[in-house]
>>> print(open('protein-v6.cif').read())   # mmCIF, C-alpha atoms and all ligand atoms
data_run
loop_
_atom_site.label_atom_id
_atom_site.label_comp_id
_atom_site.auth_asym_id
_atom_site.auth_seq_id
_atom_site.Cartn_x
_atom_site.Cartn_y
_atom_site.Cartn_z
CA MET L 7 -24.85 -10.39 1.96
CA PHE L 8 -27.24 -8.00 0.21
CA PRO L 9 -27.36 -5.12 0.87
CA HIS L 10 -23.60 -4.83 0.99
CA THR L 11 -22.12 -2.03 3.10
CA LEU L 12 -18.98 0.09 2.99
CA PRO L 13 -16.54 -1.09 5.69
CA GLN L 14 -14.90 1.55 7.86
CA LEU L 15 -11.19 2.10 7.41
CA PRO L 16 -9.22 0.45 10.24
CA TYR L 17 -7.35 3.79 10.71
CA ALA L 18 -7.96 7.50 10.14
CA HIS L 19 -7.91 8.90 6.61
CA ASN L 20 -4.74 10.84 7.45
CA ALA L 21 -2.99 7.93 9.19
CA LEU L 22 -0.95 6.82 6.18
CA GLU L 23 0.62 10.24 5.50
CA PRO L 24 2.96 11.04 3.89
CA TYR L 25 2.86 7.81 1.85
CA PHE L 26 -0.86 7.76 1.04
CA ASP L 27 -2.21 11.30 1.42
CA THR L 28 -5.40 12.22 3.26
CA LYS L 29 -7.30 13.59 0.26
CA THR L 30 -6.64 10.48 -1.82
CA MET L 31 -7.72 8.21 1.04
CA GLU L 32 -10.93 10.23 1.56
CA ILE L 33 -11.87 10.07 -2.11
CA HIS L 34 -10.65 6.52 -2.64
CA HIS L 35 -12.57 5.11 0.31
CA GLY L 36 -15.50 7.52 0.56
CA LYS L 37 -16.27 7.97 -3.14
CA HIS L 38 -14.70 5.18 -5.23
CA HIS L 39 -15.20 2.29 -2.82
CA ARG L 40 -18.67 3.55 -1.87
CA ALA L 41 -19.65 3.64 -5.55
CA TYR L 42 -18.62 -0.01 -5.97
CA VAL L 43 -20.80 -0.97 -3.01
CA ASP L 44 -23.78 1.07 -4.26
CA ASN L 45 -23.50 -0.27 -7.80
CA LEU L 46 -23.10 -3.84 -6.57
CA ASN L 47 -26.33 -3.44 -4.61
CA LYS L 48 -28.07 -2.06 -7.69
CA ALA L 49 -26.90 -5.06 -9.72
CA LEU L 50 -28.19 -7.46 -7.04
CA GLU L 51 -31.55 -5.77 -6.47
CA SER L 52 -33.39 -8.05 -8.86
CA ALA L 53 -31.35 -11.19 -8.07
CA GLY L 54 -33.01 -14.00 -6.13
CA PRO L 55 -32.29 -14.91 -2.50
CA ARG L 56 -29.82 -17.64 -3.55
CA ILE L 57 -27.54 -14.92 -4.95
CA GLN L 58 -28.42 -12.19 -2.46
CA LYS L 59 -27.44 -14.26 0.57
CA LEU L 60 -23.85 -14.73 -0.64
CA THR L 61 -20.92 -12.69 0.68
CA VAL L 62 -19.06 -10.69 -1.93
CA ASP L 63 -16.15 -13.18 -1.81
CA GLU L 64 -18.58 -16.07 -2.35
CA LEU L 65 -20.11 -14.24 -5.32
CA LEU L 66 -16.68 -13.92 -6.93
CA VAL L 67 -15.55 -17.48 -6.15
CA SER L 68 -18.73 -18.81 -7.80
CA ILE L 69 -18.98 -16.10 -10.45
CA LYS L 70 -20.00 -18.68 -13.09
CA ASP L 71 -23.21 -19.34 -11.12
CA VAL L 72 -24.18 -15.66 -11.10
CA PRO L 73 -26.93 -15.03 -13.69
CA GLU L 74 -25.49 -13.79 -16.95
CA ASN L 75 -27.53 -10.57 -17.02
CA ILE L 76 -25.82 -9.30 -13.84
CA ARG L 77 -22.50 -11.18 -14.04
CA GLN L 78 -20.39 -8.37 -15.50
CA GLY L 79 -21.84 -5.94 -12.95
CA VAL L 80 -20.89 -8.29 -10.12
CA ILE L 81 -17.38 -8.70 -11.60
CA ASN L 82 -16.88 -4.92 -11.83
CA HIS L 83 -18.59 -3.68 -8.68
CA GLY L 84 -18.38 -6.81 -6.52
CA GLY L 85 -14.73 -7.11 -7.51
CA GLY L 86 -14.22 -3.44 -6.68
CA HIS L 87 -15.88 -3.88 -3.29
CA ALA L 88 -13.94 -7.04 -2.42
CA ASN L 89 -10.58 -5.74 -3.67
CA HIS L 90 -10.81 -2.46 -1.76
CA SER L 91 -12.15 -4.06 1.43
CA PHE L 92 -9.11 -6.36 1.31
CA PHE L 93 -6.68 -3.59 0.37
CA TRP L 94 -7.47 -1.35 3.37
CA THR L 95 -6.64 -4.16 5.79
CA LEU L 96 -3.17 -4.57 4.27
CA LEU L 97 -2.10 -1.07 5.28
CA THR L 98 -1.12 0.36 8.64
CA PRO L 99 0.55 3.46 10.06
CA ASP L 100 2.51 1.15 12.38
CA ALA L 101 4.19 -0.92 9.69
CA PRO L 102 6.78 -3.32 11.09
CA GLY L 103 9.00 -2.82 8.04
CA GLU L 104 9.67 -6.43 7.15
CA PRO L 105 7.85 -9.73 7.24
CA THR L 106 9.02 -12.34 9.74
CA GLY L 107 8.55 -16.03 10.46
CA ASP L 108 6.76 -18.30 8.03
CA LEU L 109 5.92 -15.48 5.61
CA ALA L 110 9.57 -14.42 5.38
CA ASP L 111 10.56 -18.06 4.77
CA ARG L 112 7.93 -18.50 2.06
CA LEU L 113 9.04 -15.31 0.26
CA LYS L 114 12.62 -16.53 0.44
CA ASN L 115 11.85 -20.03 -0.83
CA THR L 116 9.48 -18.89 -3.58
CA PHE L 117 11.08 -15.67 -4.80
CA GLY L 118 14.61 -15.65 -3.39
CA GLY L 119 13.97 -13.20 -0.55
CA LEU L 120 12.08 -10.02 0.28
CA ASP L 121 13.99 -7.78 -2.13
CA LYS L 122 13.50 -10.19 -5.04
CA PHE L 123 9.83 -10.51 -4.15
CA LYS L 124 9.40 -6.71 -4.08
CA GLU L 125 11.15 -6.45 -7.43
CA GLU L 126 8.86 -9.04 -9.06
CA PHE L 127 5.74 -7.56 -7.47
CA ALA L 128 6.68 -4.05 -8.60
CA LYS L 129 7.26 -5.39 -12.11
CA ALA L 130 3.72 -6.80 -12.16
CA ALA L 131 2.33 -3.50 -10.79
CA MET L 132 4.27 -1.41 -13.31
CA GLY L 133 3.45 -3.77 -16.16
CA ARG L 134 -0.30 -3.67 -15.69
CA PHE L 135 -1.36 -1.46 -18.60
CA GLY L 136 -4.22 0.86 -17.70
CA SER L 137 -6.27 0.05 -14.61
CA GLY L 138 -5.92 -2.99 -12.43
CA TRP L 139 -4.19 -4.65 -9.53
CA ALA L 140 -0.99 -6.52 -8.67
CA TRP L 141 -1.31 -9.50 -6.35
CA LEU L 142 0.57 -12.02 -4.31
CA ALA L 143 -1.85 -14.93 -4.49
CA LYS L 144 -2.09 -18.49 -3.23
CA ASP L 145 -3.50 -21.43 -5.17
CA ARG L 146 -5.42 -24.38 -3.73
CA ALA L 147 -2.16 -26.28 -3.13
CA GLY L 148 -0.80 -23.31 -1.17
CA GLU L 149 1.68 -22.27 -3.87
CA LEU L 150 2.41 -18.55 -4.05
CA SER L 151 2.57 -16.55 -7.25
CA ILE L 152 2.60 -12.93 -8.37
CA ILE L 153 -0.11 -11.97 -10.85
CA SER L 154 -1.85 -8.87 -12.08
CA THR L 155 -5.51 -8.47 -13.00
CA ALA L 156 -7.27 -5.92 -15.20
CA ASN L 157 -9.95 -3.51 -13.98
CA GLN L 158 -11.53 -4.89 -10.78
CA ASP L 159 -11.09 -8.57 -11.66
CA SER L 160 -10.52 -10.54 -8.46
CA PRO L 161 -8.04 -13.42 -8.02
CA LEU L 162 -10.97 -15.25 -6.41
CA MET L 163 -12.50 -15.66 -9.89
CA GLN L 164 -9.40 -17.66 -10.90
CA GLY L 165 -9.54 -19.92 -7.87
CA LEU L 166 -6.73 -17.99 -6.18
CA ALA L 167 -6.77 -16.47 -2.69
CA PRO L 168 -5.26 -12.99 -2.42
CA VAL L 169 -2.44 -12.64 0.11
CA LEU L 170 -1.26 -9.11 -0.76
CA GLY L 171 -2.64 -6.69 -3.33
CA LEU L 172 -1.95 -3.25 -4.72
CA ASP L 173 -4.45 -1.02 -6.49
CA VAL L 174 -2.73 0.53 -9.52
CA TRP L 175 -5.72 2.45 -10.85
CA GLU L 176 -4.74 6.11 -11.33
CA HIS L 177 -7.40 7.11 -8.78
CA ALA L 178 -5.23 5.40 -6.16
CA TYR L 179 -2.21 7.66 -6.67
CA TYR L 180 -2.70 10.43 -9.20
CA LEU L 181 -3.40 13.31 -6.76
CA ASN L 182 -0.16 12.77 -4.88
CA TYR L 183 2.10 11.06 -7.42
CA GLN L 184 0.63 12.12 -10.79
CA SER L 185 2.01 9.68 -13.36
CA ARG L 186 4.78 8.38 -11.06
CA ARG L 187 3.38 4.93 -10.40
CA ALA L 188 6.84 3.69 -9.35
CA ASP L 189 6.94 6.24 -6.49
CA TYR L 190 3.50 5.11 -5.35
CA ILE L 191 4.68 1.48 -5.31
CA ALA L 192 7.76 2.50 -3.30
CA ALA L 193 5.48 4.26 -0.78
CA PHE L 194 3.28 1.15 -0.50
CA TRP L 195 6.19 -0.88 0.91
CA LYS L 196 6.46 1.59 3.82
CA ILE L 197 2.93 0.99 5.14
CA ILE L 198 2.32 -2.73 4.75
CA ASN L 199 0.76 -4.58 7.65
CA TRP L 200 2.98 -7.67 7.34
CA PRO L 201 1.37 -9.52 10.28
CA LYS L 202 -1.97 -9.25 8.40
CA VAL L 203 -0.33 -10.47 5.19
CA ALA L 204 1.09 -13.43 7.15
CA LYS L 205 -2.43 -14.25 8.34
CA ASN L 206 -3.64 -14.27 4.72
CA LEU L 207 -1.13 -17.02 3.90
MN MN3 N 1 -9.20 1.85 -6.16
#
>>> encode(input="protein-v6.cif", output="structure tokens", more="lines below")
Ligand code: MN3
Amino acid sequence: MFPHTLPQLPYAHNALEPYFDTKTMEIHHGKHHRAYVDNLNKALESAGPRIQKLTVDELLVSIKDVPENIRQGVINHGGGHANHSFFWTLLTPDAPGEPTGDLADRLKNTFGGLDKFKEEFAKAAMGRFGSGWAWLAKDRAGELSIISTANQDSPLMQGLAPVLGLDVWEHAYYLNYQSRRADYIAAFWKIINWPKVAKNL
């Protein structure tokens, strides 16, 4: 709903050390994410109430109904806002290490187990050329798949619901990992809030 606001992190900026460093979290949340929110609001300023009353997820799900003159702005900045808002909730300093229950079963049945899943997900994250995201996503039939999207494109625009996602823009890791995207991906596995991921199923 317009005006959109920056959500607070569900933990302190230094809570994910040493995997995601404090400085990166401060800039990533306080500068990058804030800019997506501000620019989304700018794009929506002149939109009518039919568009302004939608949540950011609703905007992306029905992106074809967004007026053409602001559509790319909503894709870039609305996608950025939605993707980051989702991303923060996937992380926790109290990571349980491994998924359990239904989520563990689904990863086993779909990908051949947690290790195979991680391997495929990391491949998608490494293979995304330039800026973008890797996702575990669910289609309308509930089927899981691993995809990657460019820039801030959201799975919601493809009719998919995100279950797990990883930001592979350089701004997400460059301060701490420089060009070592693989090390950043390895760190990500250490701080995943698997119970939250299970809820997203
Ligand atoms: Mn980012």
>>> closest_atom_pairs(input="protein-v6.cif", of="chain L", to="ligand MN3 1 (chain N)", cutoff="7 Å", atoms="only C-alpha atoms and all ligand atoms", output="CSV")
residue,atom,partner,partner_atom,distance
L:His34,CA,N:MN3_1,MN,6.0
L:His38,CA,N:MN3_1,MN,6.5
L:His39,CA,N:MN3_1,MN,6.9
L:His90,CA,N:MN3_1,MN,6.4
L:Asp173,CA,N:MN3_1,MN,5.6
L:Trp175,CA,N:MN3_1,MN,5.9
L:His177,CA,N:MN3_1,MN,6.1
L:Ala178,CA,N:MN3_1,MN,5.3
>>> axis_aligned_box(input="protein-v6.cif", around="segment 121-126 of chain L", padding_each_side="5 Å", output="AutoDock Vina command-line options")
--center_x 11.4 --center_y -8.5 --center_z -5.6 --size_x 15.1 --size_y 14.1 --size_z 16.9
>>> residues_around(input="protein-v6.cif", residues="segment 152-163 of chain L", least_positions_apart="2", cutoff="10 Å", atoms="all atoms listed in the file", output="PyMOL selection string")
chain L and resi 42+63-70+80-90+117+123+126-145+150+165-175
>>> write_last_selection(input="protein-v6.cif", atoms="C-alpha atoms", output="mmCIF file, keeping the file's coordinate frame")
data_model
loop_
_atom_site.group_PDB
_atom_site.id
_atom_site.type_symbol
_atom_site.label_atom_id
_atom_site.label_comp_id
_atom_site.auth_asym_id
_atom_site.auth_seq_id
_atom_site.Cartn_x
_atom_site.Cartn_y
_atom_site.Cartn_z
ATOM 1 C CA TYR L 42 -18.620 -0.010 -5.970
ATOM 2 C CA ASP L 63 -16.150 -13.180 -1.810
ATOM 3 C CA GLU L 64 -18.580 -16.070 -2.350
ATOM 4 C CA LEU L 65 -20.110 -14.240 -5.320
ATOM 5 C CA LEU L 66 -16.680 -13.920 -6.930
ATOM 6 C CA VAL L 67 -15.550 -17.480 -6.150
ATOM 7 C CA SER L 68 -18.730 -18.810 -7.800
ATOM 8 C CA ILE L 69 -18.980 -16.100 -10.450
ATOM 9 C CA LYS L 70 -20.000 -18.680 -13.090
ATOM 10 C CA VAL L 80 -20.890 -8.290 -10.120
ATOM 11 C CA ILE L 81 -17.380 -8.700 -11.600
ATOM 12 C CA ASN L 82 -16.880 -4.920 -11.830
ATOM 13 C CA HIS L 83 -18.590 -3.680 -8.680
ATOM 14 C CA GLY L 84 -18.380 -6.810 -6.520
ATOM 15 C CA GLY L 85 -14.730 -7.110 -7.510
ATOM 16 C CA GLY L 86 -14.220 -3.440 -6.680
ATOM 17 C CA HIS L 87 -15.880 -3.880 -3.290
ATOM 18 C CA ALA L 88 -13.940 -7.040 -2.420
ATOM 19 C CA ASN L 89 -10.580 -5.740 -3.670
ATOM 20 C CA HIS L 90 -10.810 -2.460 -1.760
ATOM 21 C CA PHE L 117 11.080 -15.670 -4.800
ATOM 22 C CA PHE L 123 9.830 -10.510 -4.150
ATOM 23 C CA GLU L 126 8.860 -9.040 -9.060
ATOM 24 C CA PHE L 127 5.740 -7.560 -7.470
ATOM 25 C CA ALA L 128 6.680 -4.050 -8.600
ATOM 26 C CA LYS L 129 7.260 -5.390 -12.110
ATOM 27 C CA ALA L 130 3.720 -6.800 -12.160
ATOM 28 C CA ALA L 131 2.330 -3.500 -10.790
ATOM 29 C CA MET L 132 4.270 -1.410 -13.310
ATOM 30 C CA GLY L 133 3.450 -3.770 -16.160
ATOM 31 C CA ARG L 134 -0.300 -3.670 -15.690
ATOM 32 C CA PHE L 135 -1.360 -1.460 -18.600
ATOM 33 C CA GLY L 136 -4.220 0.860 -17.700
ATOM 34 C CA SER L 137 -6.270 0.050 -14.610
ATOM 35 C CA GLY L 138 -5.920 -2.990 -12.430
ATOM 36 C CA TRP L 139 -4.190 -4.650 -9.530
ATOM 37 C CA ALA L 140 -0.990 -6.520 -8.670
ATOM 38 C CA TRP L 141 -1.310 -9.500 -6.350
ATOM 39 C CA LEU L 142 0.570 -12.020 -4.310
ATOM 40 C CA ALA L 143 -1.850 -14.930 -4.490
ATOM 41 C CA LYS L 144 -2.090 -18.490 -3.230
ATOM 42 C CA ASP L 145 -3.500 -21.430 -5.170
ATOM 43 C CA LEU L 150 2.410 -18.550 -4.050
ATOM 44 C CA GLY L 165 -9.540 -19.920 -7.870
ATOM 45 C CA LEU L 166 -6.730 -17.990 -6.180
ATOM 46 C CA ALA L 167 -6.770 -16.470 -2.690
ATOM 47 C CA PRO L 168 -5.260 -12.990 -2.420
ATOM 48 C CA VAL L 169 -2.440 -12.640 0.110
ATOM 49 C CA LEU L 170 -1.260 -9.110 -0.760
ATOM 50 C CA GLY L 171 -2.640 -6.690 -3.330
ATOM 51 C CA LEU L 172 -1.950 -3.250 -4.720
ATOM 52 C CA ASP L 173 -4.450 -1.020 -6.490
ATOM 53 C CA VAL L 174 -2.730 0.530 -9.520
ATOM 54 C CA TRP L 175 -5.720 2.450 -10.850
#
>>> atom_distance(input="protein-v6.cif", atom1="atom CA of Tyr17 of chain L", atom2="atom CA of Leu109 of chain L")
23.9 Å
>>> closest_residue(input="protein-v6.cif", among="L:Ala204, L:Ala192, L:Ile198, L:Leu181", to="Thr28 of chain L", atoms="only C-alpha atoms")
L:Leu181
>>> closest_residue(input="protein-v6.cif", among="L:Arg40, L:Lys29, L:Lys48, L:Lys196", to="Lys124 of chain L", atoms="all atoms listed in the file")
L:Lys196
>>> closest_residue(input="protein-v6.cif", among="L:Phe26, L:Ile33, L:Ser91, L:Ala53", to="Gln14 of chain L", atoms="all atoms listed in the file")
L:Ser91
>>> residues_around(input="protein-v6.cif", residues="segment 101-103 of chain L", least_positions_apart="2", cutoff="9 Å", atoms="all atoms listed in the file", output="list of chain:residue names")
L:Leu97, L:Thr98, L:Pro99, L:Pro105, L:Trp195, L:Lys196, L:Ile197, L:Ile198, L:Asn199, L:Trp200, L:Pro201
>>> write_last_selection(input="protein-v6.cif", atoms="C-alpha atoms", output="JSON list (two decimals), in the frame of the given file")
[["chain", "number", "residue", "atom", "x", "y", "z"],
["L", 97, "LEU", "CA", -2.10, -1.07, 5.28],
["L", 98, "THR", "CA", -1.12, 0.36, 8.64],
["L", 99, "PRO", "CA", 0.55, 3.46, 10.06],
["L", 105, "PRO", "CA", 7.85, -9.73, 7.24],
["L", 195, "TRP", "CA", 6.19, -0.88, 0.91],
["L", 196, "LYS", "CA", 6.46, 1.59, 3.82],
["L", 197, "ILE", "CA", 2.93, 0.99, 5.14],
["L", 198, "ILE", "CA", 2.32, -2.73, 4.75],
["L", 199, "ASN", "CA", 0.76, -4.58, 7.65],
["L", 200, "TRP", "CA", 2.98, -7.67, 7.34],
["L", 201, "PRO", "CA", 1.37, -9.52, 10.28]]
>>> closest_residue(input="protein-v6.cif", among="L:Thr30, L:Lys202, L:Leu113, L:Ile57", to="Glu176 of chain L", atoms="all atoms listed in the file")
L:Thr30
>>> build_atoms(input="protein-v6.cif", residues="segment 10-21 of chain L", atoms="all heavy atoms", output="short mmCIF file (atom, residue, chain, number, x, y, z; two decimals), keeping the file's coordinate frame")
data_model
loop_
_atom_site.label_atom_id
_atom_site.label_comp_id
_atom_site.auth_asym_id
_atom_site.auth_seq_id
_atom_site.Cartn_x
_atom_site.Cartn_y
_atom_site.Cartn_z
N HIS L 10 -24.99 -4.92 0.57
CA HIS L 10 -23.60 -4.83 0.99
C HIS L 10 -23.32 -3.42 1.53
O HIS L 10 -23.97 -2.46 1.12
CB HIS L 10 -22.68 -5.16 -0.19
CG HIS L 10 -22.85 -6.58 -0.65
ND1 HIS L 10 -22.07 -7.61 -0.20
CD2 HIS L 10 -23.77 -7.15 -1.48
CE1 HIS L 10 -22.47 -8.75 -0.75
NE2 HIS L 10 -23.50 -8.49 -1.53
N THR L 11 -22.39 -3.33 2.46
CA THR L 11 -22.12 -2.03 3.10
C THR L 11 -20.63 -1.69 3.02
O THR L 11 -19.78 -2.58 2.93
CB THR L 11 -22.54 -2.05 4.59
OG1 THR L 11 -21.88 -3.14 5.23
CG2 THR L 11 -24.04 -2.20 4.75
N LEU L 12 -20.36 -0.40 3.04
CA LEU L 12 -18.98 0.09 2.99
C LEU L 12 -18.32 -0.14 4.35
O LEU L 12 -18.80 0.37 5.36
CB LEU L 12 -18.99 1.59 2.66
CG LEU L 12 -17.63 2.28 2.56
CD1 LEU L 12 -16.87 1.80 1.33
CD2 LEU L 12 -17.80 3.79 2.51
N PRO L 13 -17.22 -0.90 4.41
CA PRO L 13 -16.54 -1.09 5.69
C PRO L 13 -15.80 0.19 6.09
O PRO L 13 -15.35 0.94 5.22
CB PRO L 13 -15.56 -2.22 5.41
CG PRO L 13 -15.26 -2.13 3.95
CD PRO L 13 -16.50 -1.57 3.29
N GLN L 14 -15.70 0.43 7.39
CA GLN L 14 -14.90 1.55 7.86
C GLN L 14 -13.42 1.24 7.65
O GLN L 14 -13.01 0.09 7.71
CB GLN L 14 -15.14 1.76 9.36
CG GLN L 14 -16.44 2.51 9.63
CD GLN L 14 -16.39 3.18 11.00
OE1 GLN L 14 -15.68 2.75 11.89
NE2 GLN L 14 -17.17 4.23 11.15
N LEU L 15 -12.64 2.29 7.43
CA LEU L 15 -11.19 2.10 7.41
C LEU L 15 -10.73 1.72 8.81
O LEU L 15 -11.24 2.26 9.80
CB LEU L 15 -10.49 3.40 7.01
CG LEU L 15 -10.56 3.85 5.56
CD1 LEU L 15 -9.74 5.13 5.41
CD2 LEU L 15 -10.03 2.78 4.62
N PRO L 16 -9.74 0.83 8.92
CA PRO L 16 -9.22 0.45 10.24
C PRO L 16 -8.25 1.48 10.82
O PRO L 16 -7.53 1.18 11.76
CB PRO L 16 -8.54 -0.90 9.98
CG PRO L 16 -8.25 -0.94 8.53
CD PRO L 16 -9.21 -0.01 7.84
N TYR L 17 -8.21 2.69 10.24
CA TYR L 17 -7.35 3.79 10.71
C TYR L 17 -7.94 5.06 10.16
O TYR L 17 -8.85 5.02 9.33
CB TYR L 17 -5.90 3.59 10.21
CG TYR L 17 -5.84 2.98 8.84
CD1 TYR L 17 -6.18 3.71 7.70
CD2 TYR L 17 -5.54 1.62 8.68
CE1 TYR L 17 -6.19 3.13 6.45
CE2 TYR L 17 -5.56 1.03 7.42
CZ TYR L 17 -5.88 1.79 6.32
OH TYR L 17 -5.92 1.20 5.09
N ALA L 18 -7.45 6.21 10.63
CA ALA L 18 -7.96 7.50 10.14
C ALA L 18 -7.51 7.75 8.70
O ALA L 18 -6.51 7.18 8.26
CB ALA L 18 -7.47 8.62 11.05
N HIS L 19 -8.25 8.61 8.01
CA HIS L 19 -7.91 8.90 6.61
C HIS L 19 -6.52 9.52 6.47
O HIS L 19 -5.89 9.39 5.43
CB HIS L 19 -8.95 9.85 5.99
CG HIS L 19 -10.27 9.18 5.72
ND1 HIS L 19 -11.36 9.31 6.57
CD2 HIS L 19 -10.67 8.36 4.73
CE1 HIS L 19 -12.37 8.60 6.09
NE2 HIS L 19 -12.00 8.02 4.98
N ASN L 20 -6.06 10.19 7.53
CA ASN L 20 -4.74 10.84 7.45
C ASN L 20 -3.62 9.98 8.04
O ASN L 20 -2.48 10.42 8.13
CB ASN L 20 -4.78 12.21 8.14
CG ASN L 20 -5.05 12.09 9.64
OD1 ASN L 20 -5.20 10.99 10.17
ND2 ASN L 20 -5.11 13.22 10.33
N ALA L 21 -3.95 8.75 8.44
CA ALA L 21 -2.99 7.93 9.19
C ALA L 21 -1.82 7.45 8.34
O ALA L 21 -0.76 7.11 8.88
CB ALA L 21 -3.70 6.72 9.80
#
